[in-house]
Amino acid sequence: MMKTLKTLIIAVLLKTGIIFTKNDTTVMKKSIYLLFILLLAACSEKSNPAIERQLHQILEDKDIFWLETLLEKEQPHLSKSSFLYFEACLHNAFNRTERSLQNINTLLDKYKKSLNDTILWDIHLLKFDNCLKKNRYREAIEALKIALDKYGYTADSTKFADKQDDYNAIEPLKNLPPQKILLTKDTTIPVTRNQFGHLMIQVTCGGQSDDFIFDTGASLSVVSESCAQQMGIRVLDSSAQIGNSIGGKVTSKVGYADSLRVGDLLVENVAFLIIPDDMLSFPEIDYAIHGIIGFPVMYQMKEIRIHKDENITVSARPEKRDLHNMFLEGLSPVIRAETDDDTLLFYIDTGANTSEFSGKYFDAHKNEILEKAALTKGRRGGAGGMVDSKHYELANIRLKIGGRELILPSIDVMTEKLSSTDEYDGTLGQDVLMHFDKLILNFEDMYLAFED
């Protein structure tokens, strides 16, 4: 191998017109060494195609933890640009947004010409998501516009439409300052529960107070039109379509509060989706949602401790633990859990009373489910109303999360694939999240833990 490489180098030297004499031995050795390094560098820019395809498939399957393990192992078999891309995806998922942006900038500055348009679509979506988490709205919307205008043709129509909806929701915020929370000491926020078991916290804005749902399942905070008017939340010139939990879309406007209080915690420059009252009303069950504090506010709290004795503690100094079981899918937290025979990924949804398996899980375990359970009809609700649904009910499911075990007496398995849940195995609701005395969500080091 070395002899062949040396012959190749000498051939290159001769072809480029570099002629050596007997007195040029030292110069020749240095030149050969330099070209040897250059050739090695060139070789390092070639990926093993099979490994690269495998990593892309794992990323498409959303198995972020397996991607993290395999990328470290296979780094020597990847080009620099491929490694930077997959690492940028991991940094994004594990909330290392600045490091993800550094990788993205390197890719666009040094390797853009060698990247295909599908990868460039993904890279600009990553940049949009990183900047959005940082509340750098102008940079976020610029990245998303490039993705839609230049590389949108590489996406399927559903994904393109979803990102166009994101653009319409975020574009009105581009000239506004970023959201921030003033947190100098541990803060306790009282919590109540409504008739459906939702965690409710008091929100005060414009001299008016109301109880809002505390909901990790909401990608953006939400307020009804009438409540926004009472609280003085400004309505921006906008119209956006947002997905709901029952597979449809709801027309909303974008709103903005200069400041509000969540309990005693001051939050400035808060963005809201403003939804018509009738879309948040459920006359069948005599219930209406006035507002929801969603993930962007919780995310800036860094660490949330939800106590069973009805309060939430926001920690000024998040606790580091040897635990690594959570990542972000856009503005939604996802947790890893284990059953007796499988490792699964769930959305974390404090706004859901009960947990459920998704249509994806049903497809993967169909034969087993059909043997153990009977089909049941029910109703499920979300912004925009309620719909009929079909599900199976499994009994005594053992889950292990963050080193703690619990048994769910029953859990529904949905048969339909809904846009909000079908990418993962299901959703964890209050029956799991509040099974122990304390739930800890740490968005700085990305873990979920339970304590007695």
# chains A, B, ... in the order shown; residues from 1 in each chain; ligands from 1
>>> closest_atom_pairs(of="segment 188-285 of chain A", to="segment 149-161 of chain A", cutoff="12 Å", atoms="only C-alpha atoms", output="CSV")
residue,atom,partner,partner_atom,distance
A:Ala240,CA,A:Ala161,CA,11.5
A:Gln241,CA,A:Ala161,CA,9.7
A:Ile242,CA,A:Ala161,CA,10.7
A:Gly243,CA,A:Ala161,CA,11.0
A:Lys249,CA,A:Ala161,CA,11.4
>>> write_last_selection(atoms="all heavy atoms", output="PDB file, in the first residue's frame")
ATOM      1  N   ALA A 240     -51.780  32.479  11.069  1.00  0.00           N
ATOM      2  CA  ALA A 240     -50.991  31.252  11.018  1.00  0.00           C
ATOM      3  C   ALA A 240     -51.881  30.038  11.233  1.00  0.00           C
ATOM      4  O   ALA A 240     -52.869  30.092  11.970  1.00  0.00           O
ATOM      5  CB  ALA A 240     -49.899  31.292  12.089  1.00  0.00           C
ATOM      6  N   GLN A 241     -51.527  28.951  10.550  1.00  0.00           N
ATOM      7  CA  GLN A 241     -52.197  27.673  10.759  1.00  0.00           C
ATOM      8  C   GLN A 241     -51.324  26.828  11.685  1.00  0.00           C
ATOM      9  O   GLN A 241     -50.134  26.648  11.439  1.00  0.00           O
ATOM     10  CB  GLN A 241     -52.370  26.942   9.421  1.00  0.00           C
ATOM     11  CG  GLN A 241     -53.297  27.634   8.441  1.00  0.00           C
ATOM     12  CD  GLN A 241     -54.755  27.410   8.789  1.00  0.00           C
ATOM     13  OE1 GLN A 241     -55.139  26.341   9.232  1.00  0.00           O
ATOM     14  NE2 GLN A 241     -55.571  28.438   8.590  1.00  0.00           N
ATOM     15  N   ILE A 242     -51.916  26.315  12.764  1.00  0.00           N
ATOM     16  CA  ILE A 242     -51.145  25.482  13.679  1.00  0.00           C
ATOM     17  C   ILE A 242     -51.785  24.109  13.795  1.00  0.00           C
ATOM     18  O   ILE A 242     -53.002  23.964  13.740  1.00  0.00           O
ATOM     19  CB  ILE A 242     -51.041  26.125  15.077  1.00  0.00           C
ATOM     20  CG1 ILE A 242     -52.421  26.326  15.702  1.00  0.00           C
ATOM     21  CG2 ILE A 242     -50.293  27.433  15.016  1.00  0.00           C
ATOM     22  CD1 ILE A 242     -52.390  26.585  17.178  1.00  0.00           C
ATOM     23  N   GLY A 243     -50.942  23.100  13.930  1.00  0.00           N
ATOM     24  CA  GLY A 243     -51.445  21.748  14.102  1.00  0.00           C
ATOM     25  C   GLY A 243     -51.982  21.538  15.505  1.00  0.00           C
ATOM     26  O   GLY A 243     -51.508  22.144  16.467  1.00  0.00           O
ATOM     27  N   LYS A 249     -55.806  21.381  11.789  1.00  0.00           N
ATOM     28  CA  LYS A 249     -55.133  22.664  11.921  1.00  0.00           C
ATOM     29  C   LYS A 249     -56.140  23.725  12.323  1.00  0.00           C
ATOM     30  O   LYS A 249     -57.325  23.659  11.962  1.00  0.00           O
ATOM     31  CB  LYS A 249     -54.430  23.051  10.619  1.00  0.00           C
ATOM     32  CG  LYS A 249     -53.226  22.168  10.312  1.00  0.00           C
ATOM     33  CD  LYS A 249     -52.384  22.714   9.177  1.00  0.00           C
ATOM     34  CE  LYS A 249     -51.140  21.866   8.985  1.00  0.00           C
ATOM     35  NZ  LYS A 249     -50.236  22.405   7.931  1.00  0.00           N
TER      36      LYS A 249
END
>>> residues_around(residues="Leu370 of chain A", least_positions_apart="6", cutoff="12 Å", atoms="only C-alpha atoms", output="PyMOL selection string")
chain A and resi 362-364+376+391-394+413+415
>>> write_last_selection(atoms="all heavy atoms", output="mmCIF file, in the first residue's frame")
data_model
loop_
_atom_site.group_PDB
_atom_site.id
_atom_site.type_symbol
_atom_site.label_atom_id
_atom_site.label_comp_id
_atom_site.auth_asym_id
_atom_site.auth_seq_id
_atom_site.Cartn_x
_atom_site.Cartn_y
_atom_site.Cartn_z
ATOM 1 N N PHE A 362 -48.584 1.018 17.388
ATOM 2 C CA PHE A 362 -49.573 0.014 16.985
ATOM 3 C C PHE A 362 -49.088 -0.760 15.759
ATOM 4 O O PHE A 362 -49.157 -1.999 15.722
ATOM 5 C CB PHE A 362 -50.912 0.684 16.694
ATOM 6 C CG PHE A 362 -51.958 -0.252 16.144
ATOM 7 C CD1 PHE A 362 -52.578 -1.179 16.968
ATOM 8 C CD2 PHE A 362 -52.320 -0.196 14.803
ATOM 9 C CE1 PHE A 362 -53.540 -2.042 16.467
ATOM 10 C CE2 PHE A 362 -53.272 -1.054 14.297
ATOM 11 C CZ PHE A 362 -53.891 -1.983 15.130
ATOM 12 N N ASP A 363 -48.584 -0.056 14.758
ATOM 13 C CA ASP A 363 -48.100 -0.721 13.544
ATOM 14 C C ASP A 363 -46.942 -1.667 13.837
ATOM 15 O O ASP A 363 -46.827 -2.750 13.246
ATOM 16 C CB ASP A 363 -47.667 0.320 12.512
ATOM 17 C CG ASP A 363 -48.843 1.060 11.892
ATOM 18 O OD1 ASP A 363 -49.993 0.581 12.062
ATOM 19 O OD2 ASP A 363 -48.626 2.107 11.268
ATOM 20 N N ALA A 364 -46.066 -1.274 14.776
ATOM 21 C CA ALA A 364 -44.881 -2.073 15.077
ATOM 22 C C ALA A 364 -45.204 -3.293 15.945
ATOM 23 O O ALA A 364 -44.446 -4.269 15.952
ATOM 24 C CB ALA A 364 -43.833 -1.207 15.767
ATOM 25 N N THR A 376 -61.753 -0.504 20.997
ATOM 26 C CA THR A 376 -62.700 0.328 21.740
ATOM 27 C C THR A 376 -62.845 1.671 21.046
ATOM 28 O O THR A 376 -61.871 2.206 20.504
ATOM 29 C CB THR A 376 -62.202 0.554 23.183
ATOM 30 O OG1 THR A 376 -62.014 -0.708 23.815
ATOM 31 C CG2 THR A 376 -63.203 1.367 23.986
ATOM 32 N N HIS A 391 -59.229 2.802 19.667
ATOM 33 C CA HIS A 391 -58.000 2.420 20.347
ATOM 34 C C HIS A 391 -58.146 1.050 20.992
ATOM 35 O O HIS A 391 -59.259 0.543 21.179
ATOM 36 C CB HIS A 391 -57.630 3.460 21.409
ATOM 37 C CG HIS A 391 -58.618 3.584 22.516
ATOM 38 N ND1 HIS A 391 -59.671 4.479 22.474
ATOM 39 C CD2 HIS A 391 -58.748 2.917 23.696
ATOM 40 C CE1 HIS A 391 -60.393 4.376 23.571
ATOM 41 N NE2 HIS A 391 -59.861 3.434 24.337
ATOM 42 N N TYR A 392 -57.006 0.461 21.287
ATOM 43 C CA TYR A 392 -56.949 -0.761 22.079
ATOM 44 C C TYR A 392 -56.435 -0.395 23.465
ATOM 45 O O TYR A 392 -55.741 0.601 23.630
ATOM 46 C CB TYR A 392 -56.016 -1.789 21.428
ATOM 47 C CG TYR A 392 -56.541 -2.339 20.127
ATOM 48 C CD1 TYR A 392 -56.317 -1.672 18.929
ATOM 49 C CD2 TYR A 392 -57.254 -3.527 20.103
ATOM 50 C CE1 TYR A 392 -56.798 -2.179 17.729
ATOM 51 C CE2 TYR A 392 -57.752 -4.045 18.900
ATOM 52 C CZ TYR A 392 -57.517 -3.368 17.722
ATOM 53 O OH TYR A 392 -58.012 -3.867 16.544
ATOM 54 N N GLU A 393 -56.763 -1.215 24.454
ATOM 55 C CA GLU A 393 -56.313 -0.939 25.816
ATOM 56 C C GLU A 393 -55.468 -2.099 26.324
ATOM 57 O O GLU A 393 -55.940 -3.233 26.415
ATOM 58 C CB GLU A 393 -57.518 -0.728 26.738
ATOM 59 C CG GLU A 393 -57.134 -0.300 28.144
ATOM 60 C CD GLU A 393 -58.343 -0.020 29.013
ATOM 61 O OE1 GLU A 393 -59.204 0.776 28.584
ATOM 62 O OE2 GLU A 393 -58.434 -0.607 30.103
ATOM 63 N N LEU A 394 -54.203 -1.800 26.621
ATOM 64 C CA LEU A 394 -53.301 -2.805 27.175
ATOM 65 C C LEU A 394 -53.233 -2.646 28.690
ATOM 66 O O LEU A 394 -53.307 -1.523 29.206
ATOM 67 C CB LEU A 394 -51.903 -2.654 26.579
ATOM 68 C CG LEU A 394 -51.760 -2.950 25.081
ATOM 69 C CD1 LEU A 394 -50.323 -2.703 24.638
ATOM 70 C CD2 LEU A 394 -52.169 -4.393 24.771
ATOM 71 N N VAL A 413 -53.831 2.302 23.156
ATOM 72 C CA VAL A 413 -53.006 2.236 21.945
ATOM 73 C C VAL A 413 -53.834 2.791 20.805
ATOM 74 O O VAL A 413 -54.841 2.198 20.403
ATOM 75 C CB VAL A 413 -52.572 0.796 21.615
ATOM 76 C CG1 VAL A 413 -51.633 0.795 20.414
ATOM 77 C CG2 VAL A 413 -51.907 0.141 22.815
ATOM 78 N N THR A 415 -54.952 3.726 17.065
ATOM 79 C CA THR A 415 -54.802 3.034 15.782
ATOM 80 C C THR A 415 -54.502 3.995 14.644
ATOM 81 O O THR A 415 -53.921 3.607 13.632
ATOM 82 C CB THR A 415 -56.081 2.242 15.449
ATOM 83 O OG1 THR A 415 -57.202 3.143 15.429
ATOM 84 C CG2 THR A 415 -56.317 1.161 16.490
#
>>> atom_distance(atom1="atom CA of Glu319 of chain A", atom2="atom CA of Val432 of chain A")
22.1 Å
>>> select_by_dssp(residues="segment 267-409 of chain A", states="strand (DSSP E or B)", output="PyMOL selection string")
chain A and resi 267-275+281-282+287-288+291-293+303-307+311-314+326-329+332-338+343-348+356-357+375-382+385-401+404-409
>>> closest_residue(among="A:Leu71, A:Leu115, A:Leu323, A:Cys131", to="His56 of chain A", atoms="only C-alpha atoms")
A:Leu71
>>> residues_around(residues="Glu423 of chain A", least_positions_apart="2", cutoff="12 Å", atoms="only C-alpha atoms", output="list in words")
Leu59, Glu60, Asp61, Lys62, Asp63, Glu329, Ser332, Val334, Leu344, Leu345, Phe346, Tyr347, Phe357, Ser358, Gly359, Lys360, Tyr361, Lys417, Leu418, Ser419, Ser420, Thr421, Asp425, Gly426 and Thr427 of chain A
>>> residues_around(residues="Glu225 of chain A", least_positions_apart="5", cutoff="6 Å", atoms="only C-alpha atoms", output="list in words")
Ile274, Ile275, Pro276 and Asp277 of chain A
>>> select_by_dssp(residues="segment 132-372 of chain A", states="helix (DSSP H, G or I)", output="NGL selection string")
:A and (132-133 or 137-154 or 157-173 or 225-231 or 277-280 or 283-285 or 295-301 or 359-364 or 366-372)
>>> write_last_selection(atoms="C-alpha atoms", output="PDB file, in the first residue's frame")
ATOM      1  CA  LEU A 132     -35.806  29.966  17.495  1.00  0.00           C
ATOM      2  CA  LYS A 133     -34.824  28.296  20.768  1.00  0.00           C
ATOM      3  CA  TYR A 137     -36.429  35.525  15.602  1.00  0.00           C
ATOM      4  CA  ARG A 138     -34.903  37.451  12.693  1.00  0.00           C
ATOM      5  CA  GLU A 139     -32.072  34.945  12.205  1.00  0.00           C
ATOM      6  CA  ALA A 140     -34.534  32.075  12.558  1.00  0.00           C
ATOM      7  CA  ILE A 141     -36.905  33.399   9.939  1.00  0.00           C
ATOM      8  CA  GLU A 142     -34.065  34.222   7.514  1.00  0.00           C
ATOM      9  CA  ALA A 143     -32.814  30.636   7.729  1.00  0.00           C
ATOM     10  CA  LEU A 144     -36.310  29.237   7.220  1.00  0.00           C
ATOM     11  CA  LYS A 145     -36.938  31.496   4.219  1.00  0.00           C
ATOM     12  CA  ILE A 146     -33.757  30.225   2.534  1.00  0.00           C
ATOM     13  CA  ALA A 147     -34.852  26.652   3.214  1.00  0.00           C
ATOM     14  CA  LEU A 148     -38.314  27.221   1.716  1.00  0.00           C
ATOM     15  CA  ASP A 149     -37.247  29.321  -1.268  1.00  0.00           C
ATOM     16  CA  LYS A 150     -34.090  27.482  -2.349  1.00  0.00           C
ATOM     17  CA  TYR A 151     -34.388  23.925  -1.117  1.00  0.00           C
ATOM     18  CA  GLY A 152     -38.078  23.392  -0.386  1.00  0.00           C
ATOM     19  CA  TYR A 153     -38.499  21.368  -3.582  1.00  0.00           C
ATOM     20  CA  THR A 154     -36.581  18.519  -1.902  1.00  0.00           C
ATOM     21  CA  SER A 157     -45.601  18.443   0.439  1.00  0.00           C
ATOM     22  CA  THR A 158     -46.667  17.844   4.056  1.00  0.00           C
ATOM     23  CA  LYS A 159     -43.305  18.831   5.516  1.00  0.00           C
ATOM     24  CA  PHE A 160     -43.117  21.879   3.256  1.00  0.00           C
ATOM     25  CA  ALA A 161     -46.616  23.004   4.304  1.00  0.00           C
ATOM     26  CA  ASP A 162     -45.752  22.552   7.983  1.00  0.00           C
ATOM     27  CA  LYS A 163     -42.640  24.699   7.614  1.00  0.00           C
ATOM     28  CA  GLN A 164     -44.615  27.321   5.725  1.00  0.00           C
ATOM     29  CA  ASP A 165     -46.988  27.412   8.713  1.00  0.00           C
ATOM     30  CA  ASP A 166     -43.960  27.847  10.999  1.00  0.00           C
ATOM     31  CA  TYR A 167     -42.808  30.750   8.840  1.00  0.00           C
ATOM     32  CA  ASN A 168     -46.209  32.460   9.095  1.00  0.00           C
ATOM     33  CA  ALA A 169     -46.222  32.012  12.891  1.00  0.00           C
ATOM     34  CA  ILE A 170     -42.692  33.294  13.545  1.00  0.00           C
ATOM     35  CA  GLU A 171     -42.252  35.979  10.844  1.00  0.00           C
ATOM     36  CA  PRO A 172     -44.379  38.585  12.740  1.00  0.00           C
ATOM     37  CA  LEU A 173     -41.910  38.340  15.648  1.00  0.00           C
ATOM     38  CA  GLU A 225     -58.996  35.938  21.909  1.00  0.00           C
ATOM     39  CA  SER A 226     -61.129  37.182  24.784  1.00  0.00           C
ATOM     40  CA  CYS A 227     -58.417  36.537  27.368  1.00  0.00           C
ATOM     41  CA  ALA A 228     -55.799  38.259  25.198  1.00  0.00           C
ATOM     42  CA  GLN A 229     -58.028  41.304  24.988  1.00  0.00           C
ATOM     43  CA  GLN A 230     -58.576  41.392  28.753  1.00  0.00           C
ATOM     44  CA  MET A 231     -54.854  41.045  29.473  1.00  0.00           C
ATOM     45  CA  ASP A 277     -62.622  31.289  21.779  1.00  0.00           C
ATOM     46  CA  ASP A 278     -64.814  28.739  20.034  1.00  0.00           C
ATOM     47  CA  MET A 279     -61.727  26.730  19.041  1.00  0.00           C
ATOM     48  CA  LEU A 280     -60.794  26.400  22.727  1.00  0.00           C
ATOM     49  CA  PRO A 283     -69.513  22.572  25.186  1.00  0.00           C
ATOM     50  CA  GLU A 284     -69.982  18.772  25.310  1.00  0.00           C
ATOM     51  CA  ILE A 285     -68.064  18.741  28.592  1.00  0.00           C
ATOM     52  CA  PHE A 295     -42.617  24.921  26.102  1.00  0.00           C
ATOM     53  CA  PRO A 296     -40.739  28.149  25.149  1.00  0.00           C
ATOM     54  CA  VAL A 297     -41.390  29.588  28.634  1.00  0.00           C
ATOM     55  CA  MET A 298     -40.574  26.310  30.435  1.00  0.00           C
ATOM     56  CA  TYR A 299     -37.432  25.895  28.360  1.00  0.00           C
ATOM     57  CA  GLN A 300     -35.992  29.126  29.729  1.00  0.00           C
ATOM     58  CA  MET A 301     -36.727  27.983  33.279  1.00  0.00           C
ATOM     59  CA  GLY A 359     -50.280   4.690  15.754  1.00  0.00           C
ATOM     60  CA  LYS A 360     -46.602   4.064  15.047  1.00  0.00           C
ATOM     61  CA  TYR A 361     -46.380   1.784  18.077  1.00  0.00           C
ATOM     62  CA  PHE A 362     -49.573   0.014  16.985  1.00  0.00           C
ATOM     63  CA  ASP A 363     -48.100  -0.721  13.544  1.00  0.00           C
ATOM     64  CA  ALA A 364     -44.881  -2.073  15.077  1.00  0.00           C
ATOM     65  CA  LYS A 366     -49.909  -5.032  15.810  1.00  0.00           C
ATOM     66  CA  ASN A 367     -50.045  -8.824  16.175  1.00  0.00           C
ATOM     67  CA  GLU A 368     -49.289  -8.744  19.893  1.00  0.00           C
ATOM     68  CA  ILE A 369     -51.880  -6.017  20.522  1.00  0.00           C
ATOM     69  CA  LEU A 370     -54.614  -7.820  18.567  1.00  0.00           C
ATOM     70  CA  GLU A 371     -54.006 -10.938  20.664  1.00  0.00           C
ATOM     71  CA  LYS A 372     -54.235  -9.129  24.001  1.00  0.00           C
TER      72      LYS A 372
END
>>> residues_around(residues="Ala218 of chain A", least_positions_apart="4", cutoff="9 Å", atoms="only C-alpha atoms", output="list in words")
Phe214, Val222, Ile292, Ile293, Gly294, Phe295, Pro296, Leu331, Ser332, Asp349 and Gly351 of chain A
>>> closest_residue(among="A:Leu70, A:Leu273, A:Met414, A:Ala337", to="Ser224 of chain A", atoms="only C-alpha atoms")
A:Leu273
>>> atom_distance(atom1="atom CA of Asn116 of chain A", atom2="atom CA of Lys174 of chain A")
28.7 Å
>>> closest_residue(among="A:Ala271, A:Ile440, A:Leu108, A:Ile348", to="Arg336 of chain A", atoms="only C-alpha atoms")
A:Ile348
>>> atom_distance(atom1="atom CA of Ser315 of chain A", atom2="atom CA of Glu303 of chain A")
5.6 Å
>>> residues_around(residues="His77 of chain A", least_positions_apart="4", cutoff="12 Å", atoms="only C-alpha atoms", output="MDAnalysis selection string")
chainID A and resid 43:52 55 70:73 81:83
>>> closest_residue(among="A:Leu182, A:Ile401, A:Val254, A:Met434", to="Ala316 of chain A", atoms="only C-alpha atoms")
A:Leu182
>>> residues_around(residues="Asp437 of chain A", least_positions_apart="2", cutoff="12 Å", atoms="only C-alpha atoms", output="list in words")
Arg305, Ile306, His307, Lys308, Asp309, Glu310, Asn311, Ile312, Val432, Leu433, Met434, His435, Leu439, Ile440, Ala449, Phe450, Glu451 and Asp452 of chain A
>>> closest_residue(among="A:Gln195, A:Thr350, A:Gln57, A:Asn105", to="Leu441 of chain A", atoms="only C-alpha atoms")
A:Thr350
>>> closest_residue(among="A:His91, A:Arg99, A:Lys390, A:Lys302", to="Lys180 of chain A", atoms="only C-alpha atoms")
A:Lys302
